[in-house]
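K.L.:
This is input.cif (mmCIF, C-alpha atoms and all ligand atoms).
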data_model
loop_
_atom_site.label_atom_id
_atom_site.label_comp_id
_atom_site.auth_asym_id
_atom_site.auth_seq_id
_atom_site.Cartn_x
_atom_site.Cartn_y
_atom_site.Cartn_z
CA MET A 1234 -4.44 59.61 -32.96
CA LYS A 1235 -2.00 58.75 -35.70
CA GLU A 1236 -2.95 56.88 -38.84
CA PRO A 1237 -3.55 53.24 -38.01
CA VAL A 1238 -0.60 51.01 -38.82
CA ALA A 1239 -2.97 49.25 -41.23
CA HIS A 1240 -2.44 52.24 -43.52
CA GLY A 1241 -1.97 50.81 -47.00
CA GLN A 1242 -4.28 47.92 -46.11
CA VAL A 1243 -7.28 50.22 -45.86
CA GLU A 1244 -8.91 48.66 -48.89
CA LEU A 1245 -8.61 45.14 -47.50
CA TRP A 1246 -10.00 46.32 -44.18
CA ARG A 1247 -12.95 47.94 -45.95
CA ARG A 1248 -13.69 44.68 -47.80
CA ALA A 1249 -13.42 42.68 -44.58
CA LEU A 1250 -15.79 44.99 -42.73
CA ALA A 1251 -18.34 44.65 -45.52
CA VAL A 1252 -18.67 40.87 -45.28
CA ILE A 1253 -17.33 39.70 -41.88
CA PRO A 1254 -18.72 40.91 -38.52
CA GLY A 1255 -16.27 43.56 -37.32
CA GLY A 1256 -13.91 42.53 -40.12
CA VAL A 1257 -12.44 39.57 -38.21
CA ASN A 1258 -13.28 35.92 -37.63
CA SER A 1259 -12.34 36.05 -33.96
CA PRO A 1260 -12.79 39.20 -31.86
CA VAL A 1261 -9.27 39.14 -30.36
CA ARG A 1262 -7.83 39.81 -33.80
CA SER A 1263 -9.44 43.22 -34.06
CA PHE A 1264 -7.30 45.94 -32.52
CA HIS A 1265 -10.24 47.28 -30.47
CA GLY A 1266 -8.29 46.95 -27.24
CA VAL A 1267 -5.65 49.37 -28.52
CA GLY A 1268 -7.94 51.70 -30.50
CA SER A 1269 -6.59 50.71 -33.90
CA THR A 1270 -7.19 48.32 -36.81
CA PRO A 1271 -5.32 45.09 -37.52
CA PHE A 1272 -2.75 44.44 -40.19
CA PHE A 1273 -3.40 41.61 -42.66
CA ALA A 1274 -0.89 38.77 -42.45
CA ALA A 1275 0.56 37.33 -45.63
CA ARG A 1276 3.37 35.03 -44.54
CA GLY A 1277 5.15 33.66 -41.50
CA GLU A 1278 8.64 32.27 -41.10
CA GLY A 1279 10.50 31.55 -37.88
CA PRO A 1280 9.89 34.32 -35.32
CA PHE A 1281 8.58 36.68 -38.03
CA LEU A 1282 5.28 37.57 -39.58
CA TRP A 1283 4.93 39.69 -42.75
CA ASP A 1284 1.87 41.75 -43.63
CA THR A 1285 0.44 42.19 -47.13
CA GLU A 1286 2.52 45.36 -47.53
CA GLY A 1287 5.75 43.47 -46.92
CA ARG A 1288 6.33 44.86 -43.41
CA ARG A 1289 8.01 42.40 -41.04
CA TYR A 1290 7.11 41.92 -37.39
CA ILE A 1291 8.79 39.97 -34.61
CA ASP A 1292 5.79 37.91 -33.54
CA TYR A 1293 4.95 37.46 -29.84
CA VAL A 1294 1.34 36.44 -30.58
CA LEU A 1295 2.19 33.28 -32.53
CA SER A 1296 -1.38 32.62 -33.61
CA TRP A 1297 -2.42 33.17 -29.97
CA GLY A 1298 -0.33 30.31 -28.69
CA PRO A 1299 -0.14 27.30 -31.01
CA LEU A 1300 3.13 28.09 -32.83
CA ILE A 1301 5.68 27.13 -30.17
CA LEU A 1302 8.22 26.22 -32.88
CA GLY A 1303 7.62 29.55 -34.65
CA HIS A 1304 6.09 29.99 -38.11
CA ALA A 1305 6.39 27.28 -40.74
CA PRO A 1306 8.81 24.97 -38.89
CA THR A 1307 10.33 22.34 -41.18
CA ALA A 1308 9.14 19.44 -39.03
CA VAL A 1309 5.49 20.51 -39.25
CA ILE A 1310 5.53 21.67 -42.87
CA SER A 1311 7.10 18.49 -44.20
CA ALA A 1312 4.70 16.30 -42.21
CA LEU A 1313 1.81 18.27 -43.70
CA ALA A 1314 3.23 18.08 -47.23
CA GLU A 1315 3.58 14.34 -46.92
CA GLN A 1316 0.06 13.88 -45.59
CA ILE A 1317 -1.77 16.19 -47.97
CA GLY A 1318 -0.92 14.04 -50.99
CA ARG A 1319 -2.83 11.22 -49.31
CA GLY A 1320 -6.03 13.19 -48.79
CA THR A 1321 -7.49 15.59 -46.26
CA SER A 1322 -10.06 13.60 -44.31
CA TYR A 1323 -11.33 10.02 -44.28
CA GLY A 1324 -14.15 9.62 -41.79
CA ALA A 1325 -12.44 6.42 -40.66
CA PRO A 1326 -9.88 5.95 -37.88
CA THR A 1327 -6.22 6.67 -38.71
CA ALA A 1328 -2.88 5.65 -37.27
CA VAL A 1329 -1.84 9.29 -36.92
CA GLU A 1330 -4.69 10.17 -34.56
CA VAL A 1331 -3.85 7.17 -32.38
CA GLU A 1332 -0.25 8.40 -32.35
CA LEU A 1333 -1.30 11.89 -31.21
CA ALA A 1334 -3.51 10.45 -28.46
CA GLU A 1335 -0.66 8.19 -27.29
CA ARG A 1336 1.70 11.13 -27.19
CA ILE A 1337 -0.68 13.26 -25.12
CA VAL A 1338 -1.27 10.38 -22.70
CA ARG A 1339 2.48 9.80 -22.38
CA LEU A 1340 3.26 13.46 -21.68
CA MET A 1341 0.34 14.71 -19.56
CA PRO A 1342 0.34 13.11 -16.10
CA ALA A 1343 -3.43 13.33 -15.52
CA VAL A 1344 -4.53 12.07 -18.94
CA GLU A 1345 -5.07 8.31 -19.32
CA VAL A 1346 -7.62 8.43 -22.13
CA VAL A 1347 -8.20 11.33 -24.51
CA ARG A 1348 -10.77 12.35 -27.13
CA LEU A 1349 -9.68 14.62 -30.00
CA VAL A 1350 -11.97 17.46 -31.09
CA ASN A 1351 -11.54 20.54 -33.31
CA SER A 1352 -11.06 23.47 -30.94
CA GLY A 1353 -10.47 24.46 -27.35
CA THR A 1354 -14.08 25.57 -27.11
CA GLU A 1355 -15.28 22.10 -28.03
CA ALA A 1356 -12.84 20.56 -25.56
CA THR A 1357 -14.04 22.52 -22.51
CA MET A 1358 -17.69 22.30 -23.53
CA SER A 1359 -17.40 18.51 -23.80
CA ALA A 1360 -15.51 18.26 -20.51
CA LEU A 1361 -18.35 20.16 -18.85
CA ARG A 1362 -20.97 17.79 -20.26
CA LEU A 1363 -18.95 14.83 -19.01
CA ALA A 1364 -18.48 16.40 -15.56
CA ARG A 1365 -22.23 16.99 -15.29
CA ALA A 1366 -22.96 13.45 -16.42
CA VAL A 1367 -20.65 11.69 -13.98
CA THR A 1368 -21.58 13.84 -10.96
CA GLY A 1369 -25.30 14.18 -11.72
CA ARG A 1370 -24.94 17.90 -10.87
CA GLU A 1371 -25.45 20.93 -13.08
CA LYS A 1372 -23.51 23.91 -11.78
CA LEU A 1373 -19.90 24.82 -12.36
CA LEU A 1374 -17.49 27.16 -10.66
CA LYS A 1375 -15.08 29.30 -12.66
CA PHE A 1376 -12.82 32.25 -11.99
CA THR A 1377 -13.03 35.82 -13.27
CA GLY A 1378 -10.61 36.43 -16.09
CA CYS A 1379 -10.40 32.75 -17.06
CA TYR A 1380 -11.50 32.08 -20.64
CA HIS A 1381 -12.78 28.59 -21.39
CA GLY A 1382 -13.98 29.06 -24.95
CA HIS A 1383 -17.31 30.51 -26.00
CA ALA A 1384 -19.83 27.85 -24.91
CA ASP A 1385 -22.80 29.47 -23.12
CA ALA A 1386 -22.04 28.28 -19.60
CA PHE A 1387 -18.55 29.79 -19.68
CA LEU A 1388 -19.49 33.23 -21.01
CA VAL A 1389 -20.11 34.55 -17.56
CA SER A 1390 -18.23 36.90 -15.31
CA ALA A 1391 -19.45 38.48 -12.09
CA GLY A 1392 -18.92 41.24 -9.60
CA SER A 1393 -15.75 40.99 -7.59
CA GLY A 1394 -15.51 39.95 -3.98
CA VAL A 1395 -17.89 37.26 -2.91
CA ALA A 1396 -19.20 34.40 -4.96
CA THR A 1397 -22.16 35.52 -6.99
CA LEU A 1398 -24.53 33.75 -9.28
CA GLY A 1399 -23.45 34.60 -12.79
CA LEU A 1400 -25.19 36.92 -15.17
CA PRO A 1401 -24.66 36.42 -18.91
CA ASP A 1402 -21.61 38.18 -20.38
CA SER A 1403 -23.10 38.12 -23.84
CA PRO A 1404 -26.60 38.60 -25.23
CA GLY A 1405 -27.89 35.24 -26.44
CA VAL A 1406 -26.70 33.39 -23.35
CA THR A 1407 -29.79 32.40 -21.43
CA ARG A 1408 -30.21 33.29 -17.78
CA GLY A 1409 -30.55 29.57 -17.22
CA ALA A 1410 -27.12 28.82 -18.69
CA ALA A 1411 -25.52 31.73 -16.85
CA GLY A 1412 -27.30 30.82 -13.63
CA ASP A 1413 -25.54 27.45 -13.62
CA THR A 1414 -22.21 29.23 -13.39
CA VAL A 1415 -20.70 30.48 -10.16
CA VAL A 1416 -17.84 32.94 -10.60
CA VAL A 1417 -15.23 33.86 -8.01
CA PRO A 1418 -11.88 35.72 -8.17
CA PHE A 1419 -8.75 33.72 -9.05
CA ASN A 1420 -6.43 32.97 -6.13
CA ASP A 1421 -9.27 33.58 -3.64
CA LEU A 1422 -9.67 30.34 -1.69
CA ASP A 1423 -12.10 31.88 0.82
CA ALA A 1424 -14.47 32.66 -2.03
CA VAL A 1425 -14.13 29.09 -3.34
CA ARG A 1426 -14.81 27.61 0.11
CA ASP A 1427 -17.75 29.93 0.59
CA ALA A 1428 -19.25 28.89 -2.75
CA PHE A 1429 -18.88 25.21 -1.86
CA GLN A 1430 -20.35 25.71 1.59
CA ARG A 1431 -23.41 27.35 0.12
CA GLN A 1432 -23.97 25.12 -2.91
CA GLY A 1433 -21.33 22.38 -2.90
CA ASP A 1434 -23.86 19.63 -3.50
CA GLY A 1435 -24.87 21.29 -6.78
CA LEU A 1436 -21.40 21.91 -8.19
CA ALA A 1437 -20.30 19.41 -10.85
CA ALA A 1438 -16.86 20.90 -11.41
CA VAL A 1439 -14.34 23.64 -10.89
CA PHE A 1440 -12.89 24.85 -14.19
CA VAL A 1441 -9.62 26.72 -13.99
CA GLU A 1442 -6.78 27.92 -16.18
CA PRO A 1443 -4.02 26.73 -13.83
CA VAL A 1444 -1.99 29.73 -14.99
CA ILE A 1445 -4.31 32.40 -16.37
CA GLY A 1446 -3.29 33.35 -19.88
CA ASN A 1447 -6.44 35.16 -20.89
CA ALA A 1448 -6.16 38.10 -18.48
CA GLY A 1449 -2.53 38.84 -19.03
CA LEU A 1450 -0.49 36.17 -17.27
CA ILE A 1451 -1.52 35.39 -13.70
CA GLU A 1452 0.24 32.72 -11.70
CA PRO A 1453 -1.51 30.66 -9.05
CA LEU A 1454 -0.38 31.59 -5.53
CA ASP A 1455 1.44 28.84 -3.63
CA GLY A 1456 -1.06 26.21 -2.57
CA PHE A 1457 -3.97 27.55 -4.62
CA LEU A 1458 -4.17 24.64 -7.07
CA GLU A 1459 -3.45 22.09 -4.33
CA GLU A 1460 -6.30 23.50 -2.26
CA LEU A 1461 -8.69 23.41 -5.24
CA ARG A 1462 -7.80 19.73 -5.53
CA LYS A 1463 -8.67 19.14 -1.86
CA ILE A 1464 -11.90 21.14 -1.83
CA THR A 1465 -13.27 19.51 -4.99
CA GLN A 1466 -12.42 16.07 -3.62
CA GLN A 1467 -14.10 16.87 -0.31
CA TYR A 1468 -17.34 17.88 -2.05
CA GLY A 1469 -17.32 15.22 -4.78
CA ALA A 1470 -16.88 17.74 -7.61
CA LEU A 1471 -14.45 17.31 -10.48
CA LEU A 1472 -11.39 19.50 -10.93
CA VAL A 1473 -10.91 20.44 -14.57
CA PHE A 1474 -7.68 22.09 -15.70
CA ASP A 1475 -8.24 24.06 -18.86
CA GLU A 1476 -4.77 23.67 -20.35
CA VAL A 1477 -5.74 24.78 -23.85
CA MET A 1478 -3.11 27.49 -23.47
CA THR A 1479 -0.76 26.14 -20.77
CA GLY A 1480 -0.56 22.59 -22.19
CA PHE A 1481 2.88 22.10 -23.78
CA ARG A 1482 3.52 25.82 -23.12
CA VAL A 1483 4.48 26.12 -19.43
CA ALA A 1484 6.18 22.71 -19.34
CA LEU A 1485 6.25 19.58 -21.47
CA GLY A 1486 3.46 18.01 -19.39
CA GLY A 1487 1.57 21.28 -18.92
CA ALA A 1488 0.75 23.07 -15.68
CA GLN A 1489 -0.28 19.77 -14.07
CA ALA A 1490 3.34 18.60 -14.42
CA ARG A 1491 4.84 21.92 -13.40
CA TYR A 1492 2.74 22.36 -10.24
CA ARG A 1493 2.29 18.63 -9.55
CA VAL A 1494 -1.47 18.81 -9.09
CA THR A 1495 -3.60 16.13 -10.73
CA PRO A 1496 -6.94 17.27 -12.13
CA ASP A 1497 -9.76 14.82 -12.95
CA LEU A 1498 -10.16 16.17 -16.48
CA THR A 1499 -7.96 18.29 -18.73
CA SER A 1500 -8.81 20.27 -21.84
CA ILE A 1501 -6.08 21.08 -24.35
CA GLY A 1502 -5.74 22.64 -27.79
CA LYS A 1503 -3.47 25.22 -29.44
CA VAL A 1504 0.06 23.66 -29.32
CA ILE A 1505 -1.25 20.10 -29.91
CA GLY A 1506 -2.45 21.15 -33.39
CA GLY A 1507 0.73 22.80 -34.64
CA GLY A 1508 -1.35 25.68 -36.05
CA LEU A 1509 -4.18 23.54 -37.39
CA PRO A 1510 -7.59 23.22 -35.69
CA VAL A 1511 -7.36 20.67 -32.87
CA GLY A 1512 -8.60 20.40 -29.32
CA ALA A 1513 -8.79 17.49 -26.92
CA TYR A 1514 -10.13 16.53 -23.53
CA GLY A 1515 -8.96 13.70 -21.39
CA GLY A 1516 -8.50 12.35 -17.91
CA ARG A 1517 -8.95 9.30 -15.78
CA ARG A 1518 -9.99 6.18 -17.63
CA GLU A 1519 -13.23 5.55 -15.72
CA LEU A 1520 -14.39 9.10 -16.44
CA MET A 1521 -13.43 9.14 -20.12
CA GLU A 1522 -15.04 5.75 -20.69
CA GLN A 1523 -18.37 7.43 -20.05
CA VAL A 1524 -17.93 9.16 -23.44
CA ALA A 1525 -19.75 7.65 -26.45
CA PRO A 1526 -19.43 5.08 -27.88
CA ALA A 1527 -17.67 3.63 -24.80
CA GLY A 1528 -20.36 5.19 -22.61
CA PRO A 1529 -23.59 7.21 -22.76
CA VAL A 1530 -22.25 10.82 -22.88
CA TYR A 1531 -22.65 11.88 -26.49
CA GLN A 1532 -19.97 13.89 -28.26
CA ALA A 1533 -18.94 13.67 -31.92
CA GLY A 1534 -17.23 15.47 -34.81
CA THR A 1535 -17.08 15.03 -38.59
CA LEU A 1536 -13.50 16.28 -38.76
CA SER A 1537 -12.34 15.26 -35.27
CA GLY A 1538 -8.85 13.75 -35.34
CA ASN A 1539 -8.38 15.16 -38.84
CA PRO A 1540 -5.22 13.70 -40.41
CA LEU A 1541 -3.69 17.05 -41.42
CA ALA A 1542 -4.22 18.47 -37.96
CA THR A 1543 -2.94 15.36 -36.20
CA VAL A 1544 0.23 15.02 -38.30
CA ALA A 1545 1.01 18.68 -37.61
CA GLY A 1546 0.39 18.16 -33.89
CA ASN A 1547 2.46 14.98 -33.85
CA ALA A 1548 5.39 16.70 -35.54
CA GLN A 1549 5.31 19.62 -33.11
CA LEU A 1550 4.92 17.49 -29.97
CA ALA A 1551 7.59 15.03 -31.14
CA TRP A 1552 10.05 17.92 -31.48
CA LEU A 1553 9.16 19.19 -27.99
CA GLU A 1554 9.49 15.72 -26.50
CA VAL A 1555 12.98 15.26 -27.94
CA HIS A 1556 14.31 18.74 -27.12
CA ASP A 1557 12.37 19.75 -23.95
CA PRO A 1558 13.10 23.46 -24.59
CA PHE A 1559 11.08 24.86 -21.68
CA ALA A 1560 13.92 26.04 -19.43
CA ARG A 1561 15.47 28.03 -22.29
CA LEU A 1562 12.05 29.35 -23.37
CA GLU A 1563 11.37 30.57 -19.85
CA GLU A 1564 14.72 32.38 -19.73
CA LEU A 1565 13.90 34.06 -23.01
CA ALA A 1566 10.34 34.95 -21.95
CA GLU A 1567 11.73 36.46 -18.74
CA LYS A 1568 14.22 38.56 -20.68
CA VAL A 1569 11.47 39.87 -22.95
CA SER A 1570 8.92 40.63 -20.21
CA HIS A 1571 11.34 42.07 -17.64
CA GLY A 1572 13.13 44.01 -20.38
CA ILE A 1573 9.94 45.56 -21.73
CA ALA A 1574 8.75 46.41 -18.22
CA ALA A 1575 12.09 48.04 -17.38
CA ALA A 1576 11.95 50.17 -20.56
CA VAL A 1577 8.40 51.28 -19.73
CA ARG A 1578 9.32 52.11 -16.11
CA ALA A 1579 12.34 54.08 -17.30
CA ALA A 1580 9.93 56.28 -19.25
CA GLY A 1581 8.01 56.96 -16.04
CA ILE A 1582 5.06 54.58 -16.55
CA PRO A 1583 4.51 51.88 -13.92
CA ALA A 1584 5.12 48.41 -15.38
CA VAL A 1585 5.99 44.91 -14.26
CA GLY A 1586 6.75 41.72 -16.18
CA THR A 1587 6.61 38.00 -15.52
CA ALA A 1588 7.01 34.69 -17.35
CA VAL A 1589 5.97 31.07 -16.89
CA GLY A 1590 7.55 28.69 -19.38
CA SER A 1591 7.11 30.17 -22.85
CA MET A 1592 4.29 32.51 -21.76
CA PHE A 1593 4.85 36.04 -20.50
CA GLY A 1594 2.92 39.03 -19.24
CA VAL A 1595 3.66 42.74 -19.03
CA PHE A 1596 1.32 44.83 -16.90
CA PHE A 1597 1.17 48.62 -16.85
CA ARG A 1598 0.79 48.76 -13.07
CA GLU A 1599 3.10 48.69 -10.02
CA GLU A 1600 2.74 45.06 -8.98
CA LEU A 1601 2.00 41.70 -10.50
CA PRO A 1602 -1.74 41.05 -10.36
CA ARG A 1603 -3.20 38.10 -8.47
CA SER A 1604 -6.61 38.27 -10.12
CA PHE A 1605 -8.48 39.81 -13.05
CA GLU A 1606 -9.85 42.42 -10.65
CA GLU A 1607 -6.27 43.64 -10.17
CA VAL A 1608 -5.36 43.39 -13.86
CA LYS A 1609 -8.19 45.78 -14.67
CA THR A 1610 -6.45 48.59 -12.79
CA SER A 1611 -3.67 48.70 -15.43
CA ASP A 1612 -3.01 51.89 -17.43
CA VAL A 1613 -4.73 50.73 -20.61
CA LYS A 1614 -4.30 54.04 -22.45
CA ALA A 1615 -0.53 54.03 -22.00
CA PHE A 1616 -0.50 50.40 -23.11
CA ALA A 1617 -2.42 51.27 -26.30
CA ARG A 1618 0.12 53.98 -27.18
CA PHE A 1619 3.01 51.65 -26.37
CA HIS A 1620 1.50 48.87 -28.48
CA ARG A 1621 1.24 51.16 -31.46
CA GLY A 1622 4.85 52.31 -31.07
CA MET A 1623 6.03 48.70 -30.94
CA LEU A 1624 4.04 47.76 -34.03
CA GLU A 1625 5.48 50.73 -35.93
CA ARG A 1626 8.93 49.40 -35.00
CA GLY A 1627 8.15 45.89 -36.21
CA VAL A 1628 7.22 44.19 -32.94
CA PHE A 1629 3.82 42.47 -32.74
CA LEU A 1630 2.50 42.20 -29.18
CA ALA A 1631 -1.06 41.01 -28.47
CA PRO A 1632 -3.36 43.98 -29.19
CA SER A 1633 -4.81 44.07 -25.68
CA PRO A 1634 -3.46 44.84 -22.21
CA PHE A 1635 -5.24 41.69 -21.01
CA GLU A 1636 -3.45 39.00 -23.03
CA ALA A 1637 -0.36 36.88 -22.48
CA GLY A 1638 2.60 36.97 -24.86
CA PHE A 1639 4.44 33.95 -26.26
CA VAL A 1640 7.96 33.11 -27.34
CA SER A 1641 8.93 30.25 -29.63
CA THR A 1642 11.98 28.03 -29.90
CA VAL A 1643 13.20 30.14 -32.85
CA HIS A 1644 13.08 33.47 -31.04
CA GLY A 1645 16.70 34.32 -30.20
CA GLU A 1646 18.90 36.92 -28.55
CA GLU A 1647 18.87 39.07 -31.66
CA GLU A 1648 15.07 39.34 -31.72
CA VAL A 1649 15.06 40.10 -28.00
CA ALA A 1650 17.64 42.88 -28.44
CA THR A 1651 15.62 44.42 -31.29
CA THR A 1652 12.45 44.16 -29.21
CA LEU A 1653 13.97 45.86 -26.16
CA ALA A 1654 15.50 48.66 -28.24
CA ALA A 1655 12.06 49.27 -29.76
CA ALA A 1656 10.53 49.20 -26.28
CA VAL A 1657 12.78 52.03 -25.06
CA GLU A 1658 11.61 54.30 -27.89
CA ALA A 1659 7.96 53.19 -27.81
CA ALA A 1660 7.83 53.73 -24.03
CA GLN A 1661 9.17 57.28 -24.35
CA GLU A 1662 6.50 58.03 -26.96
CA ALA A 1663 3.81 56.45 -24.82
CA ALA A 1664 4.88 58.58 -21.84
CA GLN A 1665 4.50 61.75 -23.89
CA GLY A 1666 0.82 60.84 -24.40
C1 LIG B 1701 -7.88 29.58 -26.52
C2 LIG B 1701 -8.49 29.02 -25.31
C3 LIG B 1701 -9.72 28.32 -25.35
C4 LIG B 1701 -10.54 28.22 -26.59
O1 LIG B 1701 -9.91 27.54 -27.61
P1 LIG B 1701 -10.42 27.75 -29.14
O2 LIG B 1701 -9.58 26.80 -29.92
O3 LIG B 1701 -10.16 29.20 -29.44
O4 LIG B 1701 -11.86 27.43 -29.15
C5 LIG B 1701 -10.17 27.72 -24.19
N1 LIG B 1701 -9.48 27.81 -23.05
C6 LIG B 1701 -8.30 28.47 -22.96
C7 LIG B 1701 -7.58 28.51 -21.67
C8 LIG B 1701 -7.79 29.12 -24.09
O5 LIG B 1701 -6.65 29.80 -23.98
#
Could you write out this structure as structure tokens?
Ligand SMILES: *Cc1c(COP(=O)(O)O)cnc(C)c1O
P.N.:
Amino acid sequence: MKEPVAHGQVELWRRALAVIPGGVNSPVRSFHGVGSTPFFAARGEGPFLWDTEGRRYIDYVLSWGPLILGHAPTAVISALAEQIGRGTSYGAPTAVEVELAERIVRLMPAVEVVRLVNSGTEATMSALRLARAVTGREKLLKFTGCYHGHADAFLVSAGSGVATLGLPDSPGVTRGAAGDTVVVPFNDLDAVRDAFQRQGDGLAAVFVEPVIGNAGLIEPLDGFLEELRKITQQYGALLVFDEVMTGFRVALGGAQARYRVTPDLTSIGKVIGGGLPVGAYGGRRELMEQVAPAGPVYQAGTLSGNPLATVAGNAQLAWLEVHDPFARLEELAEKVSHGIAAAVRAAGIPAVGTAVGSMFGVFFREELPRSFEEVKTSDVKAFARFHRGMLERGVFLAPSPFEAGFVSTVHGEEEVATTLAAAVEAAQEAAQG
């Protein structure tokens, strides 16, 4: 293997490893998935990210989703500058948090009432508590490859094929927590029906990323989301769309607007915070009014609805609402993903690309995957070599073959051309092994 691209940042990496587990504050940032070490970011502007050595990258990670207007957009930065002179947190209600809630309710069809929290993890975890409270049931059903944050009940995957009772994915998750979670493959309605037939009266909710963005990018097959809506209704379980990634990414109103399926509850995050820590969960009024202090389901947060985070989110969502850039973003994301896949295929490695709104996926396999089980058959070694070649040429793709990519409103034709030229060279290198 060649020197890691982090060469020159070796000292910083050594310091990080000494005081932070694995050197990073979130595992996805380590370059484990591509057998390398991360670079340290120093600055972002528009579609670019610079590392501490002054190297510039075209950024398709965008803080793992939030930065749909690119780095340091004027609208967000000036809103933050204006707010910060007035203080960072009050512990009392603010007009700006009401404004963000109003905006989310206006734009997301299934959200009538919304509670702001600090992360996507908090959002899904709280939605699960609420679903359990209103149904009086304890189990949940999720799909392999869907990530719903790191709360215990969600850290479960399972063998493929039939519905199985989950086993913990991580030490520290109790068998009890894992045992409440039923896991089935995405896009497999027979497995969902089977799970409901066997234990439908115990299932509080189905949690789903309506478009999976945490196992590459996997689209729901025609009718899949609609059928989940019907089955959950039939058995009295809630349907929860985890739109932490897809919200304001695949369409202005999220996947629920794009696919016209109305979930009972929705979790969001990422884009609604403009790069600051925000999450939210919302849904039908009578469900959300069970949340304290309107109702008995307790959930709280010292910094929830933080003014800096909410002004940043407001600025970003206001821009999206005025410009509705999603058709152009999808065109761009298609160019990037199909272009990269074509370059990789031309070098003799199987590859296929796809895009939904501003999210894209490139898979090192013959066909688009329908589930995580299929994603796992990708050529991960070739991807690791390709990733390194792209990074060396100034293109930052997510350091894992199992992650979606993102474009922003400030990525343009020039960045795409540079990216695809780099892809041709990186693919040839990757093919040589
Ligand atoms: C990122 C993500 C989460 C977790 O959000 P955090 O803010 O990282 O806690 C949950 N669900 C989905 C679909 C995500 O993409």
K.L.:
Of the candidates A:Arg1482, A:Arg1431, A:Lys1463, A:Arg1276, which one gets nearest to ligand LIG 1701 (chain B) if we count only C-alpha atoms and all ligand atoms?
P.N.:
A:Arg1482
K.L.:
Pick the closest to Glu1315 (chain A) from A:Val1477, A:Gln1432, A:Ala1545, A:Gly1277: which is it, counting only C-alpha atoms?
P.N.:
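For Glu1315 (chain A), the nearest of the candidates is A:Ala1545.
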K.L.:
Which chain A residues have any atom within 6 Å of an atom of ligand LIG 1701 (chain B), and for each, what is the nearest pair of atoms with distance in Å to one decimal, counting only C-alpha atoms and all ligand atoms, rows sorted by chain and number, as a Markdown table?
P.N.:
| residue | atom | partner | partner_atom | distance |
| --- | --- | --- | --- | --- |
| A:Ser1352 | CA | B:LIG1701 | O2 | 3.8 |
| A:Gly1353 | CA | B:LIG1701 | O1 | 3.1 |
| A:Thr1354 | CA | B:LIG1701 | O4 | 3.5 |
| A:Tyr1380 | CA | B:LIG1701 | N1 | 5.3 |
| A:His1381 | CA | B:LIG1701 | N1 | 3.8 |
| A:Gly1382 | CA | B:LIG1701 | C4 | 3.9 |
| A:Glu1442 | CA | B:LIG1701 | C7 | 5.6 |
| A:Asp1475 | CA | B:LIG1701 | C7 | 5.3 |
| A:Glu1476 | CA | B:LIG1701 | C7 | 5.8 |
| A:Val1477 | CA | B:LIG1701 | C6 | 4.6 |
| A:Met1478 | CA | B:LIG1701 | O5 | 4.3 |
K.L.:
Using C-alpha atoms, can you export the residues from the last selection as a compact mmCIF listing (two decimals), keeping the file's coordinate frame?
P.N.:
# COMPACT_ATOMS: atom_id res chain seq x y z
CA SER A 1352 -11.06 23.47 -30.94
CA GLY A 1353 -10.47 24.46 -27.35
CA THR A 1354 -14.08 25.57 -27.11
CA TYR A 1380 -11.50 32.08 -20.64
CA HIS A 1381 -12.78 28.59 -21.39
CA GLY A 1382 -13.98 29.06 -24.95
CA GLU A 1442 -6.78 27.92 -16.18
CA ASP A 1475 -8.24 24.06 -18.86
CA GLU A 1476 -4.77 23.67 -20.35
CA VAL A 1477 -5.74 24.78 -23.85
CA MET A 1478 -3.11 27.49 -23.47
K.L.:
For region 1453-1459 of chain A, work out the shell of residues within 9 Å, counting all atoms listed in the file and skipping chain neighbours fewer than 6 positions away, then give it as a list in words.
P.N.:
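Residues near the query, excluding close chain neighbours: Phe1419, Asn1420, Asp1421, Leu1422, Pro1443, Val1444, Ile1445, Tyr1492, Arg1493, Val1494, Thr1495 and Arg1603 of chain A.
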K.L.:
Just to confirm, what's the straight-line distance from CA of Val1347 (chain A) to CA of Leu1302 (chain A) in Å (one decimal)?
P.N.:
23.7 Å
K.L.:
CA of Ala1308 (chain A) and CA of Ala1542 (chain A), how far apart in Å?
P.N.:
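Separation between CA of Ala1542 (chain A) and CA of Ala1308 (chain A): 13.4 Å.
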K.L.:
I want to know what sits within 10 Å of region 1577-1586 of chain A, based on only C-alpha atoms, with residues of the same chain fewer than 3 positions away left out; could you give that as a PyMOL selection string?
P.N.:
chain A and resi 1450+1566-1574+1593-1602+1611-1612+1615-1616+1619+1656-1665
K.L.:
Leu1509 (chain A): which residues within 12 Å, counting only C-alpha atoms, same-chain residues fewer than 4 positions away excluded, as a count of residues only?
P.N.:
30
K.L.:
Measure the distance from CA of Ala1575 (chain A) to CA of Asp1557 (chain A) in Å and round it to one decimal.
P.N.:
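These two atoms are separated by 29.0 Å.
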K.L.:
Can you tell me which residues surround Val1649 (chain A) at a distance of at most 9 Å, considering all atoms listed in the file, apart from same-chain residues fewer than 2 positions away, and format the answer as an MDAnalysis selection string?
P.N.:
chainID A and resid 1565 1568:1569 1572 1644:1647 1651:1654
K.L.:
Have a look at A:Phe1272, A:Arg1289, A:Leu1436, A:Arg1262 and name the one nearest to Arg1365 (chain A); count all atoms listed in the file.
P.N.:
A:Leu1436
K.L.:
From the options A:Leu1485, A:Asp1434, A:Glu1519, A:Val1294, which residue's atoms come nearest to Val1261 (chain A), counting all atoms listed in the file?
P.N.:
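Distance minimum relative to Val1261 (chain A) lands on A:Val1294.
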K.L.:
Name all residues at most 9 Å from His1304 (chain A) (count all atoms listed in the file; drop same-chain ones fewer than 2 positions away) and give them as a ChimeraX atom specification.
P.N.:
/A:1276-1282,1295,1300-1302,1306,1508,1641,1643
